[in-house]
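Novice: Got a structure for you, questions after.
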Amino acid sequence: MAKHVELKNHLREIFYFRLRLAISIGFVLLLLAILLVRFIYLQAVRHDYYQTLAESNRISIVPIVPNRGLILDRNGVVLAHNYSGYTLEITPNKTANLEAAINELSTLVEITPKDRKRFNKLLAERRNFETLMIRNRLSDEEVARFAAQQYRFPGVEIKARLFRDYPYGAKTAHLIGYIGRINQTDVEQLEENDLAANYRGSDYIGKTGLEQSYESELHGATGMEQVEVDSGGRAVRMLSRTPPSSGNTLVLSIDAKLQEIAEQAFGNYRGALVAIDPNNGEVLAFVSKPGYDPSLFIDGIDTQSWDELNNSPDHPLNNRALRGQYPPGSTVKPFMALAGLYYNTRSPDRTISDPGYFNLPGSSHQYRDWKKDGHGSVDMFKSIVISCDTYYYGLATEMGIDNISSFLSRFGFGKKTGLDLEGETSGLLPSQEWKLKRYQQKWYPGDTVSVGIGQGYNLVTPMQLAYATATLANNGVGYKPHLVREVRSSRSHENRLIENKSAFDLQIAAAHLDLVKRAMAAVTQPGGTAAQAAAGAPYRMAGKTGTAQVVGIKQGEKYDASKLDERHRDHAWFIAFAPAEQPKIALVVLAENGGHGGSTAAPIARKVLDYYLLGKVPQPLPDLSDKEVEEHD
Amino acid sequence: MTKRQLWLRFIAHLDLPLLLGIGLLMLTSLVVLYSADNASWGRPLSQMINIAVALTCMWLIANLPLHYLMRTAVPVYLLGMALLIGVALFGEISHGARRWLNLGVTTIQPSELMKIGVPLMMAWYFEKHEATLTLKNYFVAALLLLMPVALIARQPDLGTALLISASGFYVLFLAGLSWRVMGGLLVAALASAPVLWSMLHDYQRHRILMLFDPSQDALGKGYHTIQATIAVGSGGILGKGYLNGTQTHLDFLPERTTDFIFAVYSEEFGLLGNLILLGLYVLVIGRGFVITANASTYFTRLMAGSITLTFATYAFVNMGMVSGILPVVGVPLPLVSYGGTSMLTLLLGFGMLMSIETHQKLVKT
């Protein structure tokens with residue numbers, strides 16, 4: 001009986017399976033029928049239509065590369081633009097013996113070893129059927145000479161192309177950046193972001209600086225032309241055209257003249273300067289010295305120039321303003337003072353007696369003041385004016401590292417400012433957790449002492465310090481800094497203002513701000529550490545000097561700049577805002593190995609402020625005016 | 001043993017009608033590749049190597065008795081899952097998707113393995129629980145399918161994910177999933193479509209939208225569809241003749257040795273050629289259905305049915321894509337497109353079909 005049931009079930013199962021199989025076969029037949037109908041439709045019904053298309057296919061779609069957007073300063077001064085010029089290009093697939101062809105070419109137009117090296121590099125990284133540039137910026141005469149002999153060079157042609165030019169060259173290199181040829185990594189990136197179609201035909205893409213950050217605005221939309229081609233692929237007739245739309249124009253908040261003056265004020269010093277309008281976060285000048293010639297990179301830099309730049313002890317490729325991380329030195333003191341007031345650690349009028357050093361309780365280790373015999377009796381106001389170290393050793397110890405970290409982070413220390421340039425570093429705001437994680441060591445009281453004068457584990461970027469200074473100048477209301485002020489659309493003539501709505505009020509008590517700002521104003525008055533640099537200015541300037549140690553000094557030893565190797569000398573800092581009552585500009589100057597902030601960095605700041613507030617151009621400035629002066633004498 | 005005996009033993013586990021269909025399709029592949037590669041022997045020669053390797057593997061699988069085949073189900077599936085998780089964690093990104101796993105020596109694409117691994121595992125699972133099938137078992141089987149599919153869809157490789165879903169669904173369908181549940185699933189799928197849409201990557205949405213209007217993106221992906229449709233349409237009834245396709249030889253057709261090889265064939269051999277090609281596919285698919293109908297155990301029935309239906313689906317999806325009725329999802333034309341991996345995967349499947357057919361014959365007699 002049982003066997004019978006099982007058998008029946010088995011048969012029923014087979015039956016159901018066969019039913020399902022029959023349905024499956026029906027399904028496959030349906031799919032086949034769909035295909036068959038489609039084939040008949042395409043190949044029999046619509047054949048004539050597609051036949052015509054195929055015959056005139058011969059229709060080729062040619063991308064038209066849009067003009068890259070311009071970059072202007074706040075007054076309309078051009079910082080990046082395009083100009084047209086002639087290049088000599090080779091299609092490797094159509095040229096039998098490249099080496100021989102290039103040698104032959106060099107009898108007609110000048111081809112330097114650099115050109116050859118660049119060509120070989122392009123050859124190594126080329127994409128399919130690309131024409132490769134052997135020479136750019138041909139003169140009219142060279143064009144004419146080659147044109148007459150062109151028949152001898154199959155696969156070599158003259159092309160008119162747009163070139164990118166940066167009129168301010170090295171002065172804006174770290175700001176504007178540069179474009180370069182699209183490489184394999186860029187291609188993958190573009191494909192990932194589904195932008196490959198818009199870059200068909202494009203050879204260049206922003207590689208660093210604003211050219212990179214604003215690539216999507218600057219590139220524009222690629223147009224296309226449907227052209228009829230003959231069997232050799234030559235265009236004979238244009239059928240339709242979708243014009244490209246040029247990239248958008250960037251209008252920066254940078255003042256090119258201010259940038260230039262700042263750049264030159266550095267003289268031979270390496271360093272960085274960032275100036276911000278504290279009322280809205282607009283960056284007015286952004287300097288990193290030394291710069292480099294951005295045009296070298298556009299068509300691929302040759303090895304020799306690359307080695308020179310890369311191995312230079314001056315590190316010209318390093319964007320110091322954005323990525324350089326330095327101990328803040330005494331420039332951190334105004335912020336420390338605010339913290340002390342905020343946590344009520346020290347009242348403004350409490351004085352300490354400065355013997356010239358500081359001891360932690362129960363330790364004989366002396367933390368020295370920069371002034372050997374001390375400053376005598378010091379209150380908070382005076383501590384900023386004369387930059388008393390002992391005062392801040394004690395203040396920091398009393399506050400503790402946790403409070404210091406939490407207060408300073410509100411001013412943006414240890415965080416990226418969010419500037420619209422890629423590659424910003426975040427500095428370092430040390431804390432107990434950080435040290436444990438980084439060094440597997442607990443935080444010692446001595447660590448806090450050094451942090452008090454900006455000389456411990458803490459590191460800042462000039463950009464960061466500029467943001468903090470601007471926020472202080474604007475009474476604790478911070479704006480996210482930005483370089484681009486306006487994006488002008490090429491299509492709709494609409495201008496998009498990049499307004500700063502991201503104001504962030506730190507809610508610092510007015511009385512605290514008032515004390516610290518008054519003290520900073522006194523720094524530039526007789527008796528202050530930057531009195532000399534500010535002497536005779538018709539506006540009031542508030543500031544704070546700073547000196548960042550590059551090498552440590554042993555107990556009992558004295559810092560003597562003349563004995564130290566130049567690159568081991570201290571870095572000079574100066575932070576400032578002016579006019580002190582109603583700040584219009586806040587800035588940071590860092591002069592690497594410049595020694596004292598008051599004597600090296602503050603005079604640079606003075607020149608920048610003089611121009612920005614008074615329109616005064618420092619003398620002697622450009623080479624041109626030097627010559628004029630000589631002629632008059 | 002005489003030579004004749006050796007030969008008989010060699011072919012004992014090969015299914016000759018199936019082999020005939022496969023062989024003719026492979027021959028077509030070589031002929032079309034020669035034209036697609038601009039009358040050069042480069043691609044056809046390396047395709048011959050692909051074919052040789054794949055045929056050898058097919059022969060080995062065909063000689064493997066069924067209980068061995070069943071025993072591989074769990075390890076293959078687990079290996080596939082481990083590799084997929086490996087890809088999700090450490091995979092290499094190529095063209096914006098994480099599909100490949102670098103093993104130092106070679107890179108592999110584990111989703112290929114799962115084209116066989118998933119139906120194998122599901123069929124094994126149903127066989128295990130044959131006597132006491134309840135709705136719960138279908139649910140577990142569906143889960144076995146959805147886990148790898150989700151991982152593959154996330155890579156993202158939507159095409160492969162859909163095809164593996166199809167092969168798994170065929171197992172569920174043949175295993176007797178009730179119509180009511182399928183109806184419910186269909187309703188649920190339609191209801192969840194907007195949610196799925198929002199989960200798709202931009203480029204996938206773009207591809208689907210482009211299907212309705214390829215001219216929108218004539219510089220980018222629409223170009224493929226436009227040019228392929230022109231190629232097929234201009235082929236006409238008799239085709240332009242071998243090596244005479246203008247679309248092919250004037251460089252208008254993209255990816256013409258791989259995903260778009262059907263356009264080359266169709267342009268040169270026309271509607272007549274297409275009918276012959278469909279005929280060859282019908283031969284292979286039909287034989288697959290016969291083997292399925294003859295299969296004696298639950299496992300073999302499900303496996304054979306799924307392999308056959310999946311093969312049919314591949315062919316339909318590719319030809320549909322090239323002729324402009326399906327989105328461009330990156331599925332090769334089975335047995336014809338250039339490529340070693342897909343050739344190997346397909347022939348592993350056919351090896352199983354042959355094993356199913358020939359081993360039970362021996363049991364019967």
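Within each chain, counting starts at residue 1; across the structure tokens, chains are named A, B, ... in the order shown, with ligands numbered 1 upward in that order.
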Residues of chain A no more than 8 Å from chain B, counting only C-alpha atoms: send them over as a PyMOL selection string.
Specialist: chain A and resi 16-18+20-21+24-25+28+31-32+35-36+38-40+42-44+46-55+57+61+63+188-189+191-194+196-198+200+224+231
Novice: Write out as a PyMOL selection string all residues of region 83-197 of chain A that DSSP puts in strand (DSSP E) for this structure's backbone.
Specialist: chain A and resi 83-90+132-135+156-165+179-181
Novice: Could you please take those selected residues and save N, CA and C atoms as a compact mmCIF listing (two decimals), in the first residue's frame?
Specialist:
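For reference, part19.txt as written:
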```
# COMPACT_ATOMS: atom_id res chain seq x y z
N TYR A 83 44.92 80.85 -24.97
CA TYR A 83 45.27 81.56 -26.20
C TYR A 83 45.48 80.51 -27.28
N SER A 84 45.25 80.92 -28.53
CA SER A 84 45.38 79.92 -29.57
C SER A 84 46.77 79.97 -30.16
N GLY A 85 47.24 78.84 -30.53
CA GLY A 85 48.57 78.77 -31.12
C GLY A 85 48.69 77.51 -31.96
N TYR A 86 49.78 77.38 -32.66
CA TYR A 86 49.95 76.23 -33.54
C TYR A 86 50.86 75.20 -32.89
N THR A 87 50.48 73.93 -33.08
CA THR A 87 51.36 72.86 -32.62
C THR A 87 51.65 71.95 -33.79
N LEU A 88 52.75 71.27 -33.68
CA LEU A 88 53.12 70.27 -34.67
C LEU A 88 52.82 68.93 -34.04
N GLU A 89 51.97 68.13 -34.70
CA GLU A 89 51.57 66.87 -34.08
C GLU A 89 51.80 65.69 -34.99
N ILE A 90 52.05 64.56 -34.37
CA ILE A 90 52.36 63.34 -35.11
C ILE A 90 51.36 62.25 -34.72
N LEU A 132 50.05 63.11 -31.22
CA LEU A 132 50.91 63.53 -30.13
C LEU A 132 51.70 64.77 -30.52
N MET A 133 51.81 65.67 -29.59
CA MET A 133 52.49 66.93 -29.87
C MET A 133 54.00 66.75 -29.82
N ILE A 134 54.67 67.24 -30.84
CA ILE A 134 56.13 67.23 -30.79
C ILE A 134 56.66 68.64 -30.49
N ARG A 135 55.97 69.66 -31.03
CA ARG A 135 56.38 71.04 -30.75
C ARG A 135 55.14 71.88 -30.48
N VAL A 156 52.07 63.70 -40.09
CA VAL A 156 52.48 64.87 -39.30
C VAL A 156 51.62 66.05 -39.75
N GLU A 157 51.07 66.76 -38.80
CA GLU A 157 50.22 67.87 -39.20
C GLU A 157 50.33 69.03 -38.22
N ILE A 158 49.93 70.21 -38.73
CA ILE A 158 49.88 71.39 -37.87
C ILE A 158 48.47 71.55 -37.35
N LYS A 159 48.34 71.77 -36.08
CA LYS A 159 47.00 71.95 -35.53
C LYS A 159 46.93 73.27 -34.79
N ALA A 160 45.76 73.90 -34.88
CA ALA A 160 45.54 75.10 -34.07
C ALA A 160 44.88 74.64 -32.79
N ARG A 161 45.46 75.00 -31.71
CA ARG A 161 44.91 74.55 -30.43
C ARG A 161 44.85 75.70 -29.47
N LEU A 162 44.05 75.51 -28.42
CA LEU A 162 44.03 76.51 -27.36
C LEU A 162 45.02 76.09 -26.28
N PHE A 163 45.79 77.02 -25.83
CA PHE A 163 46.72 76.74 -24.76
C PHE A 163 46.29 77.47 -23.51
N ARG A 164 46.63 76.88 -22.39
CA ARG A 164 46.32 77.51 -21.12
C ARG A 164 47.51 78.36 -20.72
N ASP A 165 47.24 79.54 -20.23
CA ASP A 165 48.34 80.40 -19.82
C ASP A 165 48.03 81.01 -18.45
N ILE A 179 46.66 72.70 -15.31
CA ILE A 179 46.02 71.56 -15.97
C ILE A 179 47.12 70.69 -16.53
N GLY A 180 46.81 69.46 -16.82
CA GLY A 180 47.79 68.56 -17.43
C GLY A 180 47.06 67.56 -18.30
N ARG A 181 47.84 66.80 -19.03
CA ARG A 181 47.21 65.82 -19.93
C ARG A 181 46.48 64.75 -19.13
```
Novice: Tell me, as a list in words, which residues lie within 8 Å of region 236-243 of chain A, counting only C-alpha atoms; anything in the same chain fewer than 6 positions away does not count.
Specialist: Ile64, Thr222, Gly223, Met224, Glu225, Gln226, Val227, Glu228, Val229 and Asp230 of chain A
Novice: Could you turn the residues from that selection into a file that holds N, CA and C atoms, as a PDB file, in the first residue's frame?
Specialist:
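Output contents, as saved in result-v5.pdb:
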```pdb
ATOM      1  N   ILE A  64      33.494  68.294 -30.061  1.00  0.00           N
ATOM      2  CA  ILE A  64      34.096  69.630 -30.096  1.00  0.00           C
ATOM      3  C   ILE A  64      34.399  70.028 -28.659  1.00  0.00           C
ATOM      4  N   THR A 222      31.016  69.391 -23.676  1.00  0.00           N
ATOM      5  CA  THR A 222      31.539  69.066 -24.997  1.00  0.00           C
ATOM      6  C   THR A 222      30.413  69.066 -26.024  1.00  0.00           C
ATOM      7  N   GLY A 223      30.646  69.688 -27.143  1.00  0.00           N
ATOM      8  CA  GLY A 223      29.654  69.686 -28.204  1.00  0.00           C
ATOM      9  C   GLY A 223      29.971  68.583 -29.184  1.00  0.00           C
ATOM     10  N   MET A 224      29.157  68.420 -30.220  1.00  0.00           N
ATOM     11  CA  MET A 224      29.537  67.437 -31.236  1.00  0.00           C
ATOM     12  C   MET A 224      29.077  67.869 -32.606  1.00  0.00           C
ATOM     13  N   GLU A 225      29.767  67.334 -33.558  1.00  0.00           N
ATOM     14  CA  GLU A 225      29.488  67.630 -34.938  1.00  0.00           C
ATOM     15  C   GLU A 225      29.268  66.294 -35.609  1.00  0.00           C
ATOM     16  N   GLN A 226      28.153  66.168 -36.336  1.00  0.00           N
ATOM     17  CA  GLN A 226      28.000  64.961 -37.129  1.00  0.00           C
ATOM     18  C   GLN A 226      28.514  65.301 -38.508  1.00  0.00           C
ATOM     19  N   VAL A 227      29.544  64.630 -38.925  1.00  0.00           N
ATOM     20  CA  VAL A 227      30.083  64.930 -40.242  1.00  0.00           C
ATOM     21  C   VAL A 227      30.068  63.690 -41.100  1.00  0.00           C
ATOM     22  N   GLU A 228      29.931  63.915 -42.393  1.00  0.00           N
ATOM     23  CA  GLU A 228      30.007  62.809 -43.311  1.00  0.00           C
ATOM     24  C   GLU A 228      31.464  62.639 -43.673  1.00  0.00           C
ATOM     25  N   VAL A 229      31.929  61.408 -43.614  1.00  0.00           N
ATOM     26  CA  VAL A 229      33.338  61.193 -43.946  1.00  0.00           C
ATOM     27  C   VAL A 229      33.436  60.322 -45.178  1.00  0.00           C
ATOM     28  N   ASP A 230      34.523  60.507 -45.936  1.00  0.00           N
ATOM     29  CA  ASP A 230      34.744  59.611 -47.062  1.00  0.00           C
ATOM     30  C   ASP A 230      35.400  58.337 -46.538  1.00  0.00           C
TER      31      ASP A 230
END
```
Novice: I want to know what sits within 12 Å of Met303 (chain B), based on only C-alpha atoms, with residues of the same chain fewer than 3 positions away left out; could you give that as a ChimeraX atom specification?
Specialist: /B:66,69-70,73,116-127,167-175,288-289,291-293,295-300,306-310,349-357
Novice: Write to file, as a compact mmCIF listing (two decimals), in the first residue's frame, the residues of the selection just made, with N, CA and C atoms.
Specialist:
```txt
# COMPACT_ATOMS: atom_id res chain seq x y z
N LEU B 66 27.33 11.38 -11.46
CA LEU B 66 26.47 12.42 -10.91
C LEU B 66 26.64 12.64 -9.42
N LEU B 69 29.26 15.04 -8.83
CA LEU B 69 28.80 16.37 -9.19
C LEU B 69 28.01 16.99 -8.04
N MET B 70 27.13 16.18 -7.48
CA MET B 70 26.31 16.67 -6.37
C MET B 70 27.18 17.05 -5.19
N ALA B 73 28.54 20.59 -4.95
CA ALA B 73 27.63 21.75 -4.84
C ALA B 73 27.97 22.65 -3.66
N ILE B 116 27.42 29.00 -12.23
CA ILE B 116 27.20 27.56 -12.07
C ILE B 116 26.85 27.25 -10.61
N GLY B 117 27.59 27.90 -9.72
CA GLY B 117 27.51 27.56 -8.29
C GLY B 117 26.11 27.73 -7.70
N VAL B 118 25.41 28.79 -8.09
CA VAL B 118 24.10 29.06 -7.48
C VAL B 118 23.05 28.01 -7.86
N PRO B 119 22.82 27.75 -9.18
CA PRO B 119 21.83 26.71 -9.48
C PRO B 119 22.22 25.33 -8.94
N LEU B 120 23.53 25.05 -8.93
CA LEU B 120 24.01 23.77 -8.42
C LEU B 120 23.62 23.61 -6.95
N MET B 121 23.87 24.65 -6.19
CA MET B 121 23.58 24.62 -4.76
C MET B 121 22.08 24.47 -4.52
N MET B 122 21.29 25.24 -5.30
CA MET B 122 19.85 25.20 -5.09
C MET B 122 19.28 23.83 -5.45
N ALA B 123 19.78 23.28 -6.56
CA ALA B 123 19.30 21.96 -6.97
C ALA B 123 19.67 20.91 -5.93
N TRP B 124 20.88 21.03 -5.40
CA TRP B 124 21.34 20.11 -4.34
C TRP B 124 20.41 20.21 -3.13
N TYR B 125 20.09 21.46 -2.77
CA TYR B 125 19.25 21.69 -1.60
C TYR B 125 17.86 21.06 -1.78
N PHE B 126 17.27 21.24 -2.97
CA PHE B 126 15.95 20.67 -3.21
C PHE B 126 16.00 19.15 -3.18
N GLU B 127 17.06 18.58 -3.74
CA GLU B 127 17.22 17.12 -3.74
C GLU B 127 17.25 16.61 -2.30
N SER B 167 18.82 32.34 -13.44
CA SER B 167 19.13 30.91 -13.36
C SER B 167 18.58 30.32 -12.06
N GLY B 168 18.63 31.08 -10.98
CA GLY B 168 18.09 30.60 -9.71
C GLY B 168 16.58 30.52 -9.74
N PHE B 169 15.99 31.53 -10.39
CA PHE B 169 14.53 31.52 -10.49
C PHE B 169 14.05 30.28 -11.27
N TYR B 170 14.79 29.91 -12.31
CA TYR B 170 14.40 28.73 -13.09
C TYR B 170 14.39 27.49 -12.21
N VAL B 171 15.37 27.38 -11.30
CA VAL B 171 15.38 26.23 -10.39
C VAL B 171 14.12 26.24 -9.53
N LEU B 172 13.81 27.42 -8.96
CA LEU B 172 12.62 27.53 -8.12
C LEU B 172 11.37 27.16 -8.91
N PHE B 173 11.30 27.65 -10.13
CA PHE B 173 10.13 27.43 -10.97
C PHE B 173 9.96 25.93 -11.28
N LEU B 174 11.07 25.31 -11.70
CA LEU B 174 11.00 23.90 -12.04
C LEU B 174 10.78 23.03 -10.81
N ALA B 175 11.23 23.52 -9.65
CA ALA B 175 11.02 22.76 -8.42
C ALA B 175 9.57 22.87 -7.95
N GLY B 288 18.86 20.31 -24.89
CA GLY B 288 18.92 20.51 -23.45
C GLY B 288 17.58 20.16 -22.80
N PHE B 289 16.48 20.54 -23.46
CA PHE B 289 15.17 20.23 -22.89
C PHE B 289 14.90 18.72 -22.92
N ILE B 291 17.17 16.38 -22.68
CA ILE B 291 17.95 15.81 -21.58
C ILE B 291 17.22 16.07 -20.25
N THR B 292 16.67 17.26 -20.12
CA THR B 292 15.95 17.61 -18.89
C THR B 292 14.76 16.67 -18.69
N ALA B 293 14.02 16.46 -19.78
CA ALA B 293 12.82 15.61 -19.67
C ALA B 293 13.20 14.18 -19.31
N ALA B 295 15.81 13.30 -17.55
CA ALA B 295 16.60 13.20 -16.32
C ALA B 295 15.82 12.44 -15.25
N SER B 296 16.53 11.56 -14.50
CA SER B 296 15.83 10.62 -13.65
C SER B 296 15.68 11.09 -12.20
N THR B 297 16.58 11.95 -11.74
CA THR B 297 16.44 12.37 -10.34
C THR B 297 16.01 13.84 -10.28
N TYR B 298 15.56 14.18 -9.07
CA TYR B 298 15.10 15.54 -8.85
C TYR B 298 16.23 16.52 -9.14
N PHE B 299 17.42 16.25 -8.57
CA PHE B 299 18.59 17.11 -8.74
C PHE B 299 18.92 17.32 -10.21
N THR B 300 19.00 16.23 -10.95
CA THR B 300 19.42 16.35 -12.35
C THR B 300 18.37 17.08 -13.18
N SER B 306 17.68 24.23 -15.50
CA SER B 306 18.22 25.56 -15.25
C SER B 306 19.32 25.91 -16.23
N ILE B 307 20.22 24.94 -16.49
CA ILE B 307 21.33 25.20 -17.43
C ILE B 307 20.77 25.56 -18.80
N THR B 308 19.80 24.78 -19.26
CA THR B 308 19.24 25.00 -20.60
C THR B 308 18.54 26.36 -20.67
N LEU B 309 17.72 26.65 -19.68
CA LEU B 309 16.97 27.92 -19.71
C LEU B 309 17.92 29.11 -19.58
N THR B 310 18.96 28.97 -18.77
CA THR B 310 19.90 30.08 -18.61
C THR B 310 20.62 30.35 -19.92
N GLY B 349 28.73 23.91 -17.86
CA GLY B 349 27.30 23.62 -17.81
C GLY B 349 26.93 22.49 -18.77
N PHE B 350 27.46 22.59 -20.00
CA PHE B 350 27.14 21.54 -20.98
C PHE B 350 27.74 20.20 -20.56
N GLY B 351 28.91 20.24 -19.93
CA GLY B 351 29.51 19.02 -19.40
C GLY B 351 28.56 18.35 -18.42
N MET B 352 27.93 19.16 -17.57
CA MET B 352 26.98 18.61 -16.61
C MET B 352 25.79 17.99 -17.33
N LEU B 353 25.27 18.72 -18.37
CA LEU B 353 24.15 18.17 -19.13
C LEU B 353 24.52 16.80 -19.68
N MET B 354 25.72 16.70 -20.23
CA MET B 354 26.14 15.44 -20.85
C MET B 354 26.28 14.35 -19.80
N SER B 355 26.82 14.73 -18.66
CA SER B 355 26.96 13.76 -17.57
C SER B 355 25.59 13.25 -17.15
N ILE B 356 24.64 14.17 -17.05
CA ILE B 356 23.28 13.80 -16.64
C ILE B 356 22.68 12.81 -17.64
N GLU B 357 22.88 13.12 -18.92
CA GLU B 357 22.29 12.29 -19.96
C GLU B 357 22.96 10.91 -20.03
```
Novice: For region 252-258 of chain A, please output as number ranges by chain all residues within 10 Å (counting only C-alpha atoms; exclusion window: fewer than 5 positions along the same chain).
Specialist: A: 71-79, 168, 171-172, 175, 210, 263-264, 275-277, 281-286, 482-487, 498, 607-612, 615, 617
Novice: Write the residues of the selection above to a file with N, CA and C atoms, as a compact mmCIF listing (two decimals), in the first residue's frame.
Specialist:
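Everything below was put into again35.txt:
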```txt
# COMPACT_ATOMS: atom_id res chain seq x y z
N ILE A 71 39.91 82.25 -15.20
CA ILE A 71 39.98 82.54 -13.77
C ILE A 71 40.42 83.99 -13.61
N LEU A 72 39.59 84.77 -12.95
CA LEU A 72 39.86 86.19 -12.77
C LEU A 72 40.01 86.51 -11.28
N ASP A 73 40.73 87.60 -11.00
CA ASP A 73 40.78 88.02 -9.60
C ASP A 73 39.55 88.88 -9.30
N ARG A 74 39.43 89.43 -8.10
CA ARG A 74 38.21 90.13 -7.72
C ARG A 74 37.99 91.38 -8.54
N ASN A 75 39.05 91.91 -9.16
CA ASN A 75 38.93 93.12 -9.97
C ASN A 75 38.91 92.82 -11.46
N GLY A 76 38.83 91.54 -11.81
CA GLY A 76 38.78 91.20 -13.22
C GLY A 76 40.14 90.97 -13.86
N VAL A 77 41.19 90.97 -13.07
CA VAL A 77 42.53 90.71 -13.61
C VAL A 77 42.63 89.22 -13.94
N VAL A 78 43.13 88.91 -15.14
CA VAL A 78 43.17 87.52 -15.61
C VAL A 78 44.28 86.74 -14.91
N LEU A 79 43.92 85.61 -14.32
CA LEU A 79 44.91 84.75 -13.67
C LEU A 79 45.14 83.46 -14.44
N TYR A 168 50.40 85.15 -14.15
CA TYR A 168 51.16 85.43 -12.94
C TYR A 168 52.15 84.32 -12.59
N LYS A 171 53.81 83.13 -9.16
CA LYS A 171 53.20 83.88 -8.05
C LYS A 171 51.85 83.32 -7.63
N THR A 172 51.15 82.70 -8.59
CA THR A 172 49.84 82.15 -8.23
C THR A 172 49.82 80.63 -8.38
N LEU A 175 48.02 78.58 -5.89
CA LEU A 175 46.62 78.97 -5.80
C LEU A 175 45.84 78.42 -7.00
N LEU A 210 43.05 75.45 -7.92
CA LEU A 210 41.66 75.72 -8.29
C LEU A 210 41.32 75.02 -9.60
N GLU A 263 53.80 88.54 -2.24
CA GLU A 263 54.80 87.62 -2.80
C GLU A 263 56.17 88.28 -2.79
N GLN A 264 56.20 89.56 -3.23
CA GLN A 264 57.50 90.23 -3.32
C GLN A 264 58.01 90.68 -1.97
N ALA A 275 45.77 86.05 3.61
CA ALA A 275 45.01 87.20 4.09
C ALA A 275 43.53 86.95 3.83
N ILE A 276 42.70 87.22 4.84
CA ILE A 276 41.27 86.93 4.75
C ILE A 276 40.49 88.19 5.13
N ASP A 277 39.37 88.40 4.44
CA ASP A 277 38.46 89.44 4.91
C ASP A 277 37.64 88.84 6.05
N GLY A 281 34.97 85.89 5.14
CA GLY A 281 35.75 84.68 4.84
C GLY A 281 36.40 84.68 3.47
N GLU A 282 36.29 85.79 2.73
CA GLU A 282 36.93 85.83 1.41
C GLU A 282 38.45 85.90 1.57
N VAL A 283 39.14 85.01 0.87
CA VAL A 283 40.60 85.01 0.94
C VAL A 283 41.12 86.06 -0.04
N LEU A 284 41.92 86.99 0.46
CA LEU A 284 42.37 88.12 -0.36
C LEU A 284 43.74 87.87 -0.98
N ALA A 285 44.58 87.14 -0.26
CA ALA A 285 45.89 86.78 -0.81
C ALA A 285 46.24 85.41 -0.28
N PHE A 286 46.88 84.62 -1.12
CA PHE A 286 47.21 83.25 -0.75
C PHE A 286 48.57 82.94 -1.38
N HIS A 482 36.97 81.01 1.64
CA HIS A 482 36.86 80.52 0.26
C HIS A 482 37.59 81.45 -0.69
N LEU A 483 38.04 80.86 -1.78
CA LEU A 483 38.84 81.58 -2.77
C LEU A 483 37.98 82.06 -3.93
N VAL A 484 36.93 81.32 -4.23
CA VAL A 484 36.10 81.69 -5.37
C VAL A 484 34.91 82.48 -4.86
N ARG A 485 34.71 83.62 -5.49
CA ARG A 485 33.68 84.53 -5.03
C ARG A 485 32.42 84.38 -5.87
N GLU A 486 32.64 84.07 -7.14
CA GLU A 486 31.52 84.10 -8.06
C GLU A 486 31.83 83.15 -9.20
N VAL A 487 30.80 82.43 -9.65
CA VAL A 487 30.95 81.59 -10.83
C VAL A 487 30.08 82.18 -11.91
N ILE A 498 29.13 83.00 -4.62
CA ILE A 498 29.36 82.04 -3.55
C ILE A 498 29.30 82.84 -2.26
N LYS A 607 53.63 95.72 4.80
CA LYS A 607 53.55 96.10 3.38
C LYS A 607 52.21 95.71 2.80
N VAL A 608 51.73 94.53 3.17
CA VAL A 608 50.45 94.04 2.64
C VAL A 608 49.30 94.93 3.16
N LEU A 609 49.36 95.25 4.44
CA LEU A 609 48.30 96.09 5.03
C LEU A 609 48.32 97.48 4.42
N ASP A 610 49.51 98.01 4.24
CA ASP A 610 49.62 99.35 3.65
C ASP A 610 48.98 99.41 2.29
N TYR A 611 49.20 98.36 1.51
CA TYR A 611 48.59 98.38 0.18
C TYR A 611 47.08 98.21 0.29
N TYR A 612 46.66 97.28 1.12
CA TYR A 612 45.24 96.97 1.15
C TYR A 612 44.43 98.13 1.73
N GLY A 615 46.39 101.66 -0.23
CA GLY A 615 46.71 101.66 -1.65
C GLY A 615 48.16 102.00 -1.91
N VAL A 617 51.90 101.37 -2.65
CA VAL A 617 52.75 100.35 -3.24
C VAL A 617 54.15 100.50 -2.66
```
Novice: Work out how far CA of Gly69 (chain A) is from CA of Lys114 (chain A), in Å to one decimal.
Specialist: 29.1 Å
Novice: Excluding Asn50 (chain B) and its own-chain neighbours fewer than 4 positions away, which residues fall within 9 Å of it when counting only C-alpha atoms? Please give them as a PyMOL selection string.
Specialist: chain B and resi 45-46+54-55+338-341+343-344
Novice: As number ranges by chain, which residues of region 111-293 of chain B does DSSP assign to helix (DSSP H, G or I)?
Specialist: B: 111-128, 130-132, 135-154, 158-174, 179-199, 202-212, 214-217, 222-235, 246-249, 261-293
